[in-house]
Structure formats: structure tokens, C-alpha cells
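One file, start_18.cif, is given below (mmCIF, C-alpha atoms and all ligand atoms).
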data_entry
loop_
_atom_site.label_atom_id
_atom_site.label_comp_id
_atom_site.auth_asym_id
_atom_site.auth_seq_id
_atom_site.Cartn_x
_atom_site.Cartn_y
_atom_site.Cartn_z
CA MET C 21 30.18 -53.21 -5.88
CA ARG C 22 27.71 -53.67 -3.02
CA LEU C 23 26.30 -50.40 -1.67
CA ASP C 24 26.64 -49.88 2.07
CA ASP C 25 23.66 -48.00 3.58
CA VAL C 26 25.71 -46.82 6.53
CA LEU C 27 28.38 -45.39 4.26
CA ILE C 28 25.63 -43.34 2.59
CA THR C 29 24.66 -42.01 6.03
CA LYS C 30 28.26 -41.15 6.90
CA ALA C 31 28.80 -39.44 3.53
CA ILE C 32 25.75 -37.22 4.01
CA VAL C 33 26.33 -36.32 7.64
CA GLU C 34 30.05 -35.61 7.27
CA SER C 35 29.61 -33.58 4.07
CA PHE C 36 26.80 -31.52 5.55
CA TYR C 37 28.67 -30.71 8.74
CA LYS C 38 31.82 -29.79 6.80
CA LYS C 39 29.71 -27.45 4.64
CA PHE C 40 27.82 -25.95 7.57
CA LEU C 41 30.97 -25.43 9.66
CA GLU C 42 32.65 -23.68 6.74
CA TYR C 43 29.74 -21.26 6.57
CA THR C 44 29.53 -20.39 10.26
CA GLU C 45 31.57 -17.28 9.40
CA VAL C 46 30.66 -15.52 6.18
CA ASP C 47 30.88 -12.15 4.46
CA VAL C 48 27.13 -11.94 3.92
CA ALA C 49 24.30 -13.99 5.43
CA ILE C 50 20.96 -13.76 3.65
CA ALA C 51 17.67 -14.56 5.36
CA GLY C 52 15.26 -15.86 2.72
CA GLY C 53 15.86 -17.64 -0.57
CA GLY C 54 13.25 -15.93 -2.74
CA PRO C 55 14.15 -14.18 -6.01
CA ALA C 56 15.67 -11.14 -4.27
CA GLY C 57 17.83 -13.19 -1.87
CA LEU C 58 18.97 -15.59 -4.59
CA CYS C 59 19.84 -12.76 -6.95
CA ALA C 60 21.84 -10.95 -4.24
CA SER C 61 23.67 -14.19 -3.38
CA TYR C 62 24.70 -14.68 -7.02
CA PHE C 63 26.10 -11.17 -7.50
CA LEU C 64 28.10 -11.47 -4.26
CA ALA C 65 29.35 -14.98 -4.96
CA ILE C 66 30.57 -14.24 -8.51
CA LYS C 67 32.85 -11.64 -6.91
CA ASN C 68 34.18 -14.38 -4.62
CA PHE C 69 32.53 -13.23 -1.43
CA LYS C 70 31.45 -15.91 0.99
CA VAL C 71 27.67 -15.90 1.13
CA ALA C 72 25.13 -18.14 2.81
CA VAL C 73 21.37 -18.14 2.21
CA PHE C 74 19.08 -19.53 4.91
CA GLU C 75 15.66 -20.54 3.67
CA ARG C 76 12.85 -21.62 5.96
CA LYS C 77 11.10 -23.89 3.49
CA LEU C 78 12.04 -27.15 1.81
CA SER C 79 12.23 -25.38 -1.52
CA ILE C 80 13.83 -22.06 -2.28
CA GLY C 81 12.15 -19.58 -4.60
CA GLY C 82 9.56 -17.94 -2.37
CA GLY C 83 6.67 -16.50 -4.35
CA MET C 84 8.17 -16.87 -7.80
CA TRP C 85 7.16 -20.46 -8.58
CA GLY C 86 3.49 -19.56 -8.74
CA GLY C 87 3.79 -16.61 -11.17
CA GLY C 88 0.52 -14.72 -10.78
CA MET C 89 -2.33 -16.62 -9.13
CA MET C 90 -0.70 -19.95 -10.10
CA PHE C 91 -0.27 -19.02 -13.77
CA ASN C 92 3.42 -19.83 -13.67
CA GLU C 93 4.67 -17.01 -15.88
CA ILE C 94 6.36 -13.88 -14.60
CA VAL C 95 6.52 -10.40 -16.08
CA VAL C 96 9.71 -8.36 -16.13
CA GLY C 97 9.92 -4.74 -17.26
CA GLU C 98 12.49 -3.05 -19.45
CA ASP C 99 15.01 -2.43 -16.63
CA GLY C 100 14.98 -6.00 -15.32
CA LYS C 101 15.46 -7.63 -18.74
CA ARG C 102 19.25 -7.45 -18.50
CA ILE C 103 19.12 -9.56 -15.31
CA LEU C 104 17.23 -12.26 -17.21
CA ASP C 105 20.03 -12.06 -19.80
CA GLU C 106 22.66 -12.39 -17.04
CA PHE C 107 20.97 -15.59 -15.84
CA GLU C 108 20.36 -16.81 -19.41
CA VAL C 109 16.61 -16.99 -18.87
CA GLY C 110 14.55 -17.01 -22.06
CA TYR C 111 11.74 -14.47 -22.42
CA SER C 112 9.42 -13.03 -25.00
CA GLU C 113 8.16 -9.52 -25.51
CA TYR C 114 4.43 -9.40 -24.82
CA GLU C 115 4.16 -5.68 -25.51
CA LYS C 116 6.78 -2.97 -25.44
CA GLY C 117 8.30 -2.96 -21.95
CA TYR C 118 6.51 -6.16 -20.81
CA TYR C 119 8.57 -9.35 -21.05
CA THR C 120 7.27 -12.74 -19.93
CA ALA C 121 9.42 -15.62 -18.71
CA ASP C 122 8.61 -19.10 -17.45
CA ALA C 123 8.67 -18.93 -13.64
CA ILE C 124 10.21 -22.40 -13.32
CA GLU C 125 13.00 -21.65 -15.78
CA ALA C 126 13.70 -18.31 -14.11
CA LEU C 127 14.01 -19.80 -10.63
CA SER C 128 15.99 -22.80 -11.79
CA ALA C 129 18.45 -20.43 -13.47
CA LEU C 130 18.71 -18.22 -10.38
CA SER C 131 19.44 -21.15 -8.09
CA PHE C 132 21.74 -22.92 -10.56
CA LYS C 133 23.86 -19.84 -11.23
CA ALA C 134 23.95 -18.81 -7.56
CA THR C 135 25.09 -22.24 -6.39
CA LYS C 136 27.57 -22.60 -9.28
CA ALA C 137 29.05 -19.27 -8.19
CA LYS C 138 29.46 -20.94 -4.77
CA ALA C 139 26.74 -19.19 -2.82
CA LYS C 140 25.73 -21.79 -0.25
CA ILE C 141 22.02 -22.32 0.26
CA PHE C 142 20.77 -23.95 3.45
CA ASN C 143 17.12 -24.91 3.19
CA LEU C 144 14.83 -25.99 6.04
CA ILE C 145 16.55 -23.51 8.36
CA SER C 146 14.74 -20.49 9.82
CA VAL C 147 16.31 -17.30 11.08
CA GLU C 148 14.80 -16.69 14.50
CA ASP C 149 17.00 -13.89 15.86
CA VAL C 150 20.06 -11.76 15.17
CA MET C 151 23.39 -11.60 16.96
CA MET C 152 24.51 -8.13 18.02
CA GLU C 153 27.89 -6.74 18.98
CA ASP C 154 28.45 -3.01 19.71
CA GLU C 155 24.98 -2.03 18.45
CA LYS C 156 25.58 -3.65 15.08
CA VAL C 157 24.10 -6.89 13.79
CA THR C 158 26.94 -9.35 13.31
CA GLY C 159 25.20 -12.62 12.65
CA LEU C 160 22.07 -14.72 12.41
CA VAL C 161 20.50 -17.05 14.94
CA LEU C 162 19.25 -20.23 13.28
CA ASN C 163 17.03 -23.13 14.05
CA TRP C 164 15.56 -26.00 12.08
CA SER C 165 12.20 -24.98 10.64
CA ALA C 166 10.88 -28.35 11.82
CA VAL C 167 11.73 -27.38 15.41
CA GLN C 168 9.77 -24.13 15.02
CA MET C 169 6.83 -25.90 13.39
CA ALA C 170 6.67 -28.54 16.12
CA LYS C 171 7.07 -25.78 18.73
CA LEU C 172 9.84 -27.78 20.38
CA HIS C 173 11.85 -26.08 23.10
CA VAL C 174 15.23 -26.36 21.39
CA ASP C 175 17.83 -23.59 21.56
CA PRO C 176 19.19 -22.23 18.28
CA LEU C 177 22.74 -21.92 16.92
CA THR C 178 24.47 -18.76 15.66
CA ILE C 179 26.60 -17.87 12.67
CA ARG C 180 28.72 -14.72 12.20
CA SER C 181 28.54 -12.45 9.16
CA LYS C 182 29.97 -9.07 8.22
CA TYR C 183 26.61 -8.06 6.75
CA VAL C 184 23.08 -9.44 6.85
CA ILE C 185 20.40 -9.11 4.17
CA ASP C 186 16.74 -9.34 5.12
CA ALA C 187 15.23 -10.94 2.00
CA THR C 188 12.32 -12.55 3.82
CA GLY C 189 9.66 -11.03 1.53
CA HIS C 190 6.39 -9.43 2.65
CA PRO C 191 6.78 -10.19 6.41
CA ALA C 192 10.24 -8.49 6.67
CA GLU C 193 11.10 -10.87 9.48
CA ILE C 194 14.54 -9.57 10.41
CA ALA C 195 13.22 -6.02 10.69
CA LYS C 196 10.36 -7.32 12.84
CA ILE C 197 12.76 -9.15 15.15
CA ILE C 198 14.89 -6.01 15.59
CA VAL C 199 11.88 -3.75 16.28
CA SER C 200 10.31 -6.24 18.67
CA LYS C 201 13.52 -6.56 20.69
CA LEU C 202 15.08 -3.08 20.41
CA GLY C 203 12.13 -0.78 19.72
CA ASN C 204 11.84 1.81 16.96
CA VAL C 205 15.51 1.90 16.03
CA LEU C 206 15.31 1.44 12.25
CA LYS C 207 16.52 4.01 9.71
CA THR C 208 12.91 4.72 8.70
CA LYS C 209 10.87 7.89 9.29
CA THR C 210 9.41 6.63 12.58
CA GLY C 211 12.09 4.11 13.45
CA GLY C 212 9.48 1.38 13.10
CA ILE C 213 8.39 -0.73 10.13
CA ALA C 214 6.46 1.57 7.79
CA GLY C 215 4.43 -1.31 6.31
CA GLU C 216 3.61 -2.46 2.80
CA LYS C 217 1.04 -0.41 0.87
CA THR C 218 -1.69 -1.55 -1.54
CA MET C 219 -1.00 -2.74 -5.09
CA CYS C 220 0.62 -0.41 -7.60
CA ALA C 221 3.17 -2.00 -9.91
CA GLU C 222 4.44 1.28 -11.34
CA VAL C 223 5.39 2.79 -7.98
CA GLY C 224 6.19 -0.53 -6.24
CA GLU C 225 8.74 -1.58 -8.86
CA ARG C 226 10.55 1.74 -8.69
CA MET C 227 10.44 2.04 -4.91
CA VAL C 228 11.62 -1.50 -4.20
CA VAL C 229 14.99 -0.69 -5.72
CA GLU C 230 15.18 2.70 -3.99
CA ASN C 231 14.25 1.10 -0.65
CA SER C 232 16.88 -1.63 -0.91
CA LYS C 233 19.41 -0.28 1.54
CA GLU C 234 20.70 -0.48 5.09
CA PHE C 235 17.92 -0.19 7.69
CA TYR C 236 19.92 -0.92 10.84
CA PRO C 237 23.72 -1.07 11.33
CA GLY C 238 24.86 -4.23 9.55
CA VAL C 239 21.47 -5.12 8.07
CA TRP C 240 20.34 -4.44 4.51
CA VAL C 241 17.01 -5.21 2.98
CA ALA C 242 16.14 -6.55 -0.48
CA GLY C 243 12.94 -7.51 -2.29
CA MET C 244 9.44 -7.09 -0.90
CA ALA C 245 10.85 -6.72 2.60
CA ALA C 246 12.32 -3.38 1.44
CA ASN C 247 8.88 -1.99 0.60
CA ALA C 248 7.52 -3.37 3.87
CA VAL C 249 10.29 -1.74 5.95
CA PHE C 250 10.27 1.66 4.23
CA GLY C 251 6.58 1.71 3.23
CA ALA C 252 5.79 1.37 -0.47
CA PRO C 253 3.23 -0.47 -2.61
CA ARG C 254 3.27 -4.15 -3.48
CA MET C 255 3.52 -4.95 -7.16
CA GLY C 256 2.26 -8.48 -7.73
CA PRO C 257 3.81 -10.87 -10.24
CA ILE C 258 6.17 -8.43 -11.93
CA PHE C 259 9.62 -9.53 -10.79
CA GLY C 260 12.16 -7.16 -12.36
CA GLY C 261 12.20 -5.05 -9.20
CA MET C 262 13.00 -8.11 -7.02
CA LEU C 263 16.00 -8.97 -9.19
CA LEU C 264 17.25 -5.39 -9.48
CA SER C 265 16.86 -4.96 -5.74
CA GLY C 266 18.98 -8.06 -5.04
CA GLU C 267 21.60 -6.82 -7.48
CA LYS C 268 21.65 -3.33 -5.93
CA VAL C 269 22.18 -4.59 -2.38
CA ALA C 270 24.87 -7.04 -3.53
CA LYS C 271 26.76 -4.32 -5.39
CA GLU C 272 26.61 -1.92 -2.45
CA LEU C 273 27.82 -4.60 -0.06
CA ILE C 274 30.63 -5.54 -2.46
CA LYS C 275 31.83 -1.91 -2.28
CA LYS C 276 31.75 -2.03 1.52
CA LEU C 277 33.46 -5.43 1.69
CA LYS C 278 36.18 -4.28 -0.70
CA GLY C 279 36.71 -1.20 1.46
CA GLU C 280 37.36 -3.51 4.42
CA LYS C 281 40.08 -5.53 2.71
O1 LIG E 1 8.54 -14.08 -0.49
P1 LIG E 1 9.73 -14.12 -1.34
O2 LIG E 1 9.59 -14.59 -2.74
O3 LIG E 1 10.39 -12.65 -1.27
P2 LIG E 1 11.11 -11.74 -2.38
O4 LIG E 1 12.38 -12.36 -2.83
O5 LIG E 1 10.09 -11.77 -3.62
C1 LIG E 1 8.76 -11.38 -3.48
C2 LIG E 1 7.97 -12.05 -4.58
O6 LIG E 1 8.02 -13.44 -4.48
C3 LIG E 1 6.48 -11.63 -4.63
C4 LIG E 1 6.27 -10.25 -5.03
C5 LIG E 1 7.07 -9.76 -6.18
O7 LIG E 1 6.46 -9.17 -7.09
O8 LIG E 1 5.48 -9.56 -4.47
O9 LIG E 1 5.88 -11.90 -3.38
O10 LIG E 1 11.14 -10.40 -1.80
O11 LIG E 1 10.85 -14.99 -0.65
C6 LIG E 1 11.15 -14.84 0.72
C7 LIG E 1 11.67 -16.15 1.26
O12 LIG E 1 12.11 -15.96 2.57
C8 LIG E 1 11.76 -17.11 3.35
C9 LIG E 1 10.43 -17.54 2.78
O13 LIG E 1 10.17 -18.90 3.06
C10 LIG E 1 10.61 -17.25 1.29
O14 LIG E 1 11.08 -18.37 0.58
N1 LIG E 1 11.72 -16.70 4.75
C11 LIG E 1 10.82 -15.86 5.34
N2 LIG E 1 11.12 -15.69 6.63
C12 LIG E 1 12.23 -16.44 6.87
C13 LIG E 1 12.61 -17.08 5.67
C14 LIG E 1 13.03 -16.69 8.04
N3 LIG E 1 12.76 -16.13 9.22
N4 LIG E 1 14.09 -17.53 7.92
C15 LIG E 1 14.39 -18.11 6.73
N5 LIG E 1 13.68 -17.91 5.61
#
I'd like the structure from this file rewritten - as C-alpha cells, please.
Ligand code: 48F
Amino acid sequence: MRLDDVLITKAIVESFYKKFLEYTEVDVAIAGGGPAGLCASYFLAIKNFKVAVFERKLSIGGGMWGGGMMFNEIVVGEDGKRILDEFEVGYSEYEKGYYTADAIEALSALSFKATKAKAKIFNLISVEDVMMEDEKVTGLVLNWSAVQMAKLHVDPLTIRSKYVIDATGHPAEIAKIIVSKLGNVLKTKTGGIAGEKTMCAEVGERMVVENSKEFYPGVWVAGMAANAVFGAPRMGPIFGGMLLSGEKVAKELIKKLKGEK
């Protein structure tokens, strides 16, 4: 059989548009495909909720690929170990309460299991704004990352979602957008973004799970963005908190989504 180049083009364009159109209305839209966003997408998708992840970069995974300072191993504490088990990631005990896993295996497992569970991941797309209805965020405003990088004057497109998760990592981009457009309206002490504090794994790991919650009507935060929004330390290349944070937000949103049905 002779391969037709144009048929390849048609196959890609039609399949992509079918996929994208299907995900213009979702239960949960996640900004950022790092470990926290991917983990949240998996726990939502295995319960059959419709979830889309929008990732700015070509590759998903955020800061996990590089382990610590490019040594591509991650550390997970006692509490996060069960999430590695859930994703069938191998690990070894370095010392009591310190488990190491290969960063590449961990991320491959996260993305494989999330996509197999039918979470849809759209890479190369940046979230540049939120859609609001009745003082609640009801969707994300998207543009090609290439358009942003080239600073082209191209208007974005919008998708609707029942809930949004800001999983954009250290910059907490969705929170920043809301504060810059609406002022100090967040559910934080000052209404603004409290800001990430200096390194302390012990406190950072604990607080990141505690801080993973709703910070504006319709918008939840997971991963490092949670410590940036509510003000808690960073924790470096220990990743259990990121995974537990994604799981926590997913489970809380599942409860809310079930309540709606
Ligand atoms: O930064 P990232 O890995 O965040 P995370 O899931 O995990 C943090 C850890 O990697 C590490 C750490 C843990 O110990 O401190 O830093 O909280 O992943 C965030 C992803 O969001 C993407 C970004 O490219 C990255 O892959 N992202 C950021 N802003 C946007 C975005 C945006 N506006 N639109 C789409 N994607």
C-alpha cells in the first residue's frame, strides 16, 4: 500500500479537532501538567470525570524530570509512597521514611496512567486568562504557547469547566491572573497571593497538602502553586507532597461533582 502524505495530514487535523471540540466543555480543567496536575487528572479520570490538562510546554512533567539539580532521582516520604504504589512506580528505601524513585519512570507512569484513564492532555497550549460568570470562574482562556512566545497579536479561545485547578507550579499563574484583574479577592489572609517562602522540606511537604484547596469560587490549587498562593515554604526535590496534593484536590472535587449529579 502506498502511503498518501495528504491523508496523514487529514488524519491528524481531523482527529485533533474532534478531540479538542470534545473537551471544550469539561468537568475539570487543569492548568499545568506537572506532577500535581497530572496526579489530579488521574484521580478524577479514573472516576469517569471529564478532565483536560493544558500544558504550556512541549513536554509535560514540569520540574520532575530533573530530580534535584539534574540528578534525575526523586525522593518521596512515607505518606507519598502509596501514590507511587498506585502508579506502579518502583522505588527503594534509602533510609527509613526516605524513598527514591527514578524521575523518568515516575513521570512516564503518571502520564501513562492519566491518559489511559482518559484524562486528555493538551500540550503547547498556555492558559492566559479565566472565564467568569456570576463571580465564579467557569472556564479557561487558551492560546498556543507559540503565539505567546512570538508575541503575536492573536486572540485566544475559551473552554468551559465546572471547576478549574491551578497546577502551574511556583508562579501560580491562575491566581496571578485573578489578582491582577480583580484585585485582592482570593481566600487568603490578605486576599492577595501570600508568596512562596524559603526552603524547608518538613514544613513545605505538610503545608502543600493543607494549602491545596479552593482559593476563589470555582478555582482550586494543587502543587507548588498552593504554597505560593497561601504562603508556605518550598521543599525542593521531594515529591510526595505534590502527588498527595493532586490527589487531595481531585478527591474533594469528585465529592463536589457527585453532589451536582
Ligand atoms: O512546575 P511544576 O512541576 O509544578 P508542580 O506540579 O510541581 C512542582 C515541582 O516540580 C517542583 C517542586 C516540588 O518539590 O518544588 O518544582 O506543582 O509544573 C507546572 C507546569 O505548569 C505549566 C508549566 O510549564 C509546568 O509544566 N504551566 C505554568 N504556567 C502555565 C502552564 C500556563 N499559564 N498555562 C499552561 N501551563
- Message: What's around Tyr114 in chain C at 12 Å? Count all atoms listed in the file, leave out sequence neighbours fewer than 6 positions away in its own chain, and write the answer as a PyMOL selection string.
- Response: chain C and resi 93-98+120-121
Box centre and edge lengths (Å, one decimal), axis-aligned, ligand LIG 1 (chain E) plus 4 Å each side, as JSON:
{"center_x": 9.9, "center_y": -14.0, "center_z": 1.1, "size_x": 16.9, "size_y": 17.7, "size_z": 24.3}
- How many Å separate atom O2 of ligand LIG 1 (chain E) from CA of Lys171 in chain C? 24.3 Å
- Message: Around the point (22.4, -10.9, 12.3) (coordinates from the file), which residues reach within 8 Å if we count all atoms listed in the file? Answer as a ChimeraX atom specification.
- Response: /C:49,149-152,157-161,180-181,183-184,238-239
Exercise: range 54-66 of chain C partners within 6 Å, all atoms listed in the file, chain neighbours under 3 positions left out, as an mmCIF file with C-alpha atoms, in the frame of the given file:
data_model
loop_
_atom_site.group_PDB
_atom_site.id
_atom_site.type_symbol
_atom_site.label_atom_id
_atom_site.label_comp_id
_atom_site.auth_asym_id
_atom_site.auth_seq_id
_atom_site.Cartn_x
_atom_site.Cartn_y
_atom_site.Cartn_z
ATOM 1 C CA PHE C 69 32.530 -13.230 -1.430
ATOM 2 C CA GLY C 81 12.150 -19.580 -4.600
ATOM 3 C CA GLY C 82 9.560 -17.940 -2.370
ATOM 4 C CA ALA C 134 23.950 -18.810 -7.560
ATOM 5 C CA ALA C 137 29.050 -19.270 -8.190
ATOM 6 C CA LYS C 138 29.460 -20.940 -4.770
ATOM 7 C CA ALA C 139 26.740 -19.190 -2.820
ATOM 8 C CA ALA C 187 15.230 -10.940 2.000
ATOM 9 C CA ALA C 242 16.140 -6.550 -0.480
ATOM 10 C CA GLY C 243 12.940 -7.510 -2.290
ATOM 11 C CA MET C 262 13.000 -8.110 -7.020
ATOM 12 C CA LEU C 263 16.000 -8.970 -9.190
ATOM 13 C CA GLY C 266 18.980 -8.060 -5.040
ATOM 14 C CA GLU C 267 21.600 -6.820 -7.480
ATOM 15 C CA ALA C 270 24.870 -7.040 -3.530
#
- Counting only C-alpha atoms, the residue of C:Glu148, C:Asp24, C:Glu280, C:Asp99 that sits nearest Ile194 in chain C: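 Of the candidates, the smallest distance to Ile194 in chain C is held by C:Glu148.
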- Message: Please compute the CA of Gly260 in chain C-CA of Glu113 in chain C distance, one decimal, in Å.
- Response: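 Taking CA of Gly260 in chain C and CA of Glu113 in chain C, their separation equals 13.9 Å.
Straight-line separation from CA of Ile258 in chain C to atom P1 of ligand LIG 1 (chain E): 12.5 Å.
Distances here use only C-alpha atoms and all ligand atoms; by that measure, the residue among C:Phe74, C:Tyr118, C:Phe142, C:Tyr43 closest to ligand LIG 1 (chain E) is C:Phe74.
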For range 76-87 of chain C, where the input has fewer atoms than it should, I would like all heavy atoms rebuilt and written as a PDB file, in the coordinates of the input.
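The resulting file, selection_8.pdb, is reproduced below:
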ATOM      1  N   ARG C  76      13.728 -20.901   5.032  1.00  0.00           N
ATOM      2  CA  ARG C  76      12.850 -21.620   5.960  1.00  0.00           C
ATOM      3  C   ARG C  76      12.242 -22.894   5.349  1.00  0.00           C
ATOM      4  O   ARG C  76      12.139 -23.913   5.993  1.00  0.00           O
ATOM      5  CB  ARG C  76      11.739 -20.679   6.393  1.00  0.00           C
ATOM      6  CG  ARG C  76      10.563 -21.379   7.012  1.00  0.00           C
ATOM      7  CD  ARG C  76       9.551 -20.392   7.508  1.00  0.00           C
ATOM      8  NE  ARG C  76      10.084 -19.682   8.656  1.00  0.00           N
ATOM      9  CZ  ARG C  76       9.718 -18.462   9.009  1.00  0.00           C
ATOM     10  NH1 ARG C  76       8.855 -17.796   8.283  1.00  0.00           N
ATOM     11  NH2 ARG C  76      10.222 -17.907  10.082  1.00  0.00           N
ATOM     12  N   LYS C  77      11.869 -22.788   4.081  1.00  0.00           N
ATOM     13  CA  LYS C  77      11.100 -23.890   3.490  1.00  0.00           C
ATOM     14  C   LYS C  77      11.975 -24.967   2.901  1.00  0.00           C
ATOM     15  O   LYS C  77      13.185 -24.833   2.799  1.00  0.00           O
ATOM     16  CB  LYS C  77      10.159 -23.322   2.431  1.00  0.00           C
ATOM     17  CG  LYS C  77       9.123 -22.389   3.047  1.00  0.00           C
ATOM     18  CD  LYS C  77       8.029 -22.037   2.094  1.00  0.00           C
ATOM     19  CE  LYS C  77       7.009 -21.167   2.818  1.00  0.00           C
ATOM     20  NZ  LYS C  77       6.414 -20.186   1.930  1.00  0.00           N
ATOM     21  N   LEU C  78      11.320 -26.061   2.482  1.00  0.00           N
ATOM     22  CA  LEU C  78      12.040 -27.150   1.810  1.00  0.00           C
ATOM     23  C   LEU C  78      12.586 -26.647   0.484  1.00  0.00           C
ATOM     24  O   LEU C  78      13.724 -26.921   0.102  1.00  0.00           O
ATOM     25  CB  LEU C  78      11.080 -28.325   1.609  1.00  0.00           C
ATOM     26  CG  LEU C  78      11.590 -29.562   0.884  1.00  0.00           C
ATOM     27  CD1 LEU C  78      12.813 -30.151   1.561  1.00  0.00           C
ATOM     28  CD2 LEU C  78      10.483 -30.615   0.805  1.00  0.00           C
ATOM     29  N   SER C  79      11.762 -25.880  -0.226  1.00  0.00           N
ATOM     30  CA  SER C  79      12.230 -25.380  -1.520  1.00  0.00           C
ATOM     31  C   SER C  79      12.472 -23.878  -1.455  1.00  0.00           C
ATOM     32  O   SER C  79      11.732 -23.136  -0.804  1.00  0.00           O
ATOM     33  CB  SER C  79      11.216 -25.693  -2.614  1.00  0.00           C
ATOM     34  OG  SER C  79       9.946 -25.235  -2.237  1.00  0.00           O
ATOM     35  N   ILE C  80      13.538 -23.481  -2.145  1.00  0.00           N
ATOM     36  CA  ILE C  80      13.830 -22.060  -2.280  1.00  0.00           C
ATOM     37  C   ILE C  80      12.886 -21.491  -3.340  1.00  0.00           C
ATOM     38  O   ILE C  80      12.182 -22.243  -4.000  1.00  0.00           O
ATOM     39  CB  ILE C  80      15.296 -21.851  -2.701  1.00  0.00           C
ATOM     40  CG1 ILE C  80      15.618 -22.775  -3.891  1.00  0.00           C
ATOM     41  CG2 ILE C  80      16.225 -22.090  -1.545  1.00  0.00           C
ATOM     42  CD1 ILE C  80      16.947 -22.525  -4.499  1.00  0.00           C
ATOM     43  N   GLY C  81      12.919 -20.188  -3.502  1.00  0.00           N
ATOM     44  CA  GLY C  81      12.150 -19.580  -4.600  1.00  0.00           C
ATOM     45  C   GLY C  81      11.023 -18.688  -4.154  1.00  0.00           C
ATOM     46  O   GLY C  81      10.507 -17.898  -4.941  1.00  0.00           O
ATOM     47  N   GLY C  82      10.615 -18.803  -2.896  1.00  0.00           N
ATOM     48  CA  GLY C  82       9.560 -17.940  -2.370  1.00  0.00           C
ATOM     49  C   GLY C  82       8.340 -17.907  -3.256  1.00  0.00           C
ATOM     50  O   GLY C  82       7.826 -18.947  -3.665  1.00  0.00           O
ATOM     51  N   GLY C  83       7.921 -16.696  -3.604  1.00  0.00           N
ATOM     52  CA  GLY C  83       6.670 -16.500  -4.350  1.00  0.00           C
ATOM     53  C   GLY C  83       6.817 -16.553  -5.847  1.00  0.00           C
ATOM     54  O   GLY C  83       5.872 -16.215  -6.561  1.00  0.00           O
ATOM     55  N   MET C  84       7.994 -16.935  -6.341  1.00  0.00           N
ATOM     56  CA  MET C  84       8.170 -16.870  -7.800  1.00  0.00           C
ATOM     57  C   MET C  84       7.601 -18.072  -8.531  1.00  0.00           C
ATOM     58  O   MET C  84       7.150 -17.957  -9.674  1.00  0.00           O
ATOM     59  CB  MET C  84       9.643 -16.691  -8.134  1.00  0.00           C
ATOM     60  CG  MET C  84       9.871 -16.010  -9.481  1.00  0.00           C
ATOM     61  SD  MET C  84      11.614 -16.049  -9.899  1.00  0.00           S
ATOM     62  CE  MET C  84      11.806 -14.529 -10.781  1.00  0.00           C
ATOM     63  N   TRP C  85       7.604 -19.239  -7.885  1.00  0.00           N
ATOM     64  CA  TRP C  85       7.160 -20.460  -8.580  1.00  0.00           C
ATOM     65  C   TRP C  85       5.746 -20.312  -9.143  1.00  0.00           C
ATOM     66  O   TRP C  85       5.418 -20.862 -10.187  1.00  0.00           O
ATOM     67  CB  TRP C  85       7.149 -21.667  -7.626  1.00  0.00           C
ATOM     68  CG  TRP C  85       8.469 -22.086  -7.079  1.00  0.00           C
ATOM     69  CD1 TRP C  85       8.846 -22.003  -5.767  1.00  0.00           C
ATOM     70  CD2 TRP C  85       9.573 -22.668  -7.785  1.00  0.00           C
ATOM     71  NE1 TRP C  85      10.126 -22.492  -5.622  1.00  0.00           N
ATOM     72  CE2 TRP C  85      10.586 -22.902  -6.846  1.00  0.00           C
ATOM     73  CE3 TRP C  85       9.802 -22.994  -9.122  1.00  0.00           C
ATOM     74  CZ2 TRP C  85      11.817 -23.468  -7.182  1.00  0.00           C
ATOM     75  CZ3 TRP C  85      11.019 -23.558  -9.471  1.00  0.00           C
ATOM     76  CH2 TRP C  85      12.008 -23.779  -8.513  1.00  0.00           C
ATOM     77  N   GLY C  86       4.917 -19.606  -8.401  1.00  0.00           N
ATOM     78  CA  GLY C  86       3.490 -19.560  -8.740  1.00  0.00           C
ATOM     79  C   GLY C  86       3.111 -18.464  -9.710  1.00  0.00           C
ATOM     80  O   GLY C  86       1.924 -18.306 -10.009  1.00  0.00           O
ATOM     81  N   GLY C  87       4.110 -17.710 -10.238  1.00  0.00           N
ATOM     82  CA  GLY C  87       3.790 -16.610 -11.170  1.00  0.00           C
ATOM     83  C   GLY C  87       2.718 -15.731 -10.564  1.00  0.00           C
ATOM     84  O   GLY C  87       2.816 -15.301  -9.422  1.00  0.00           O
TER      85      GLY C  87
END
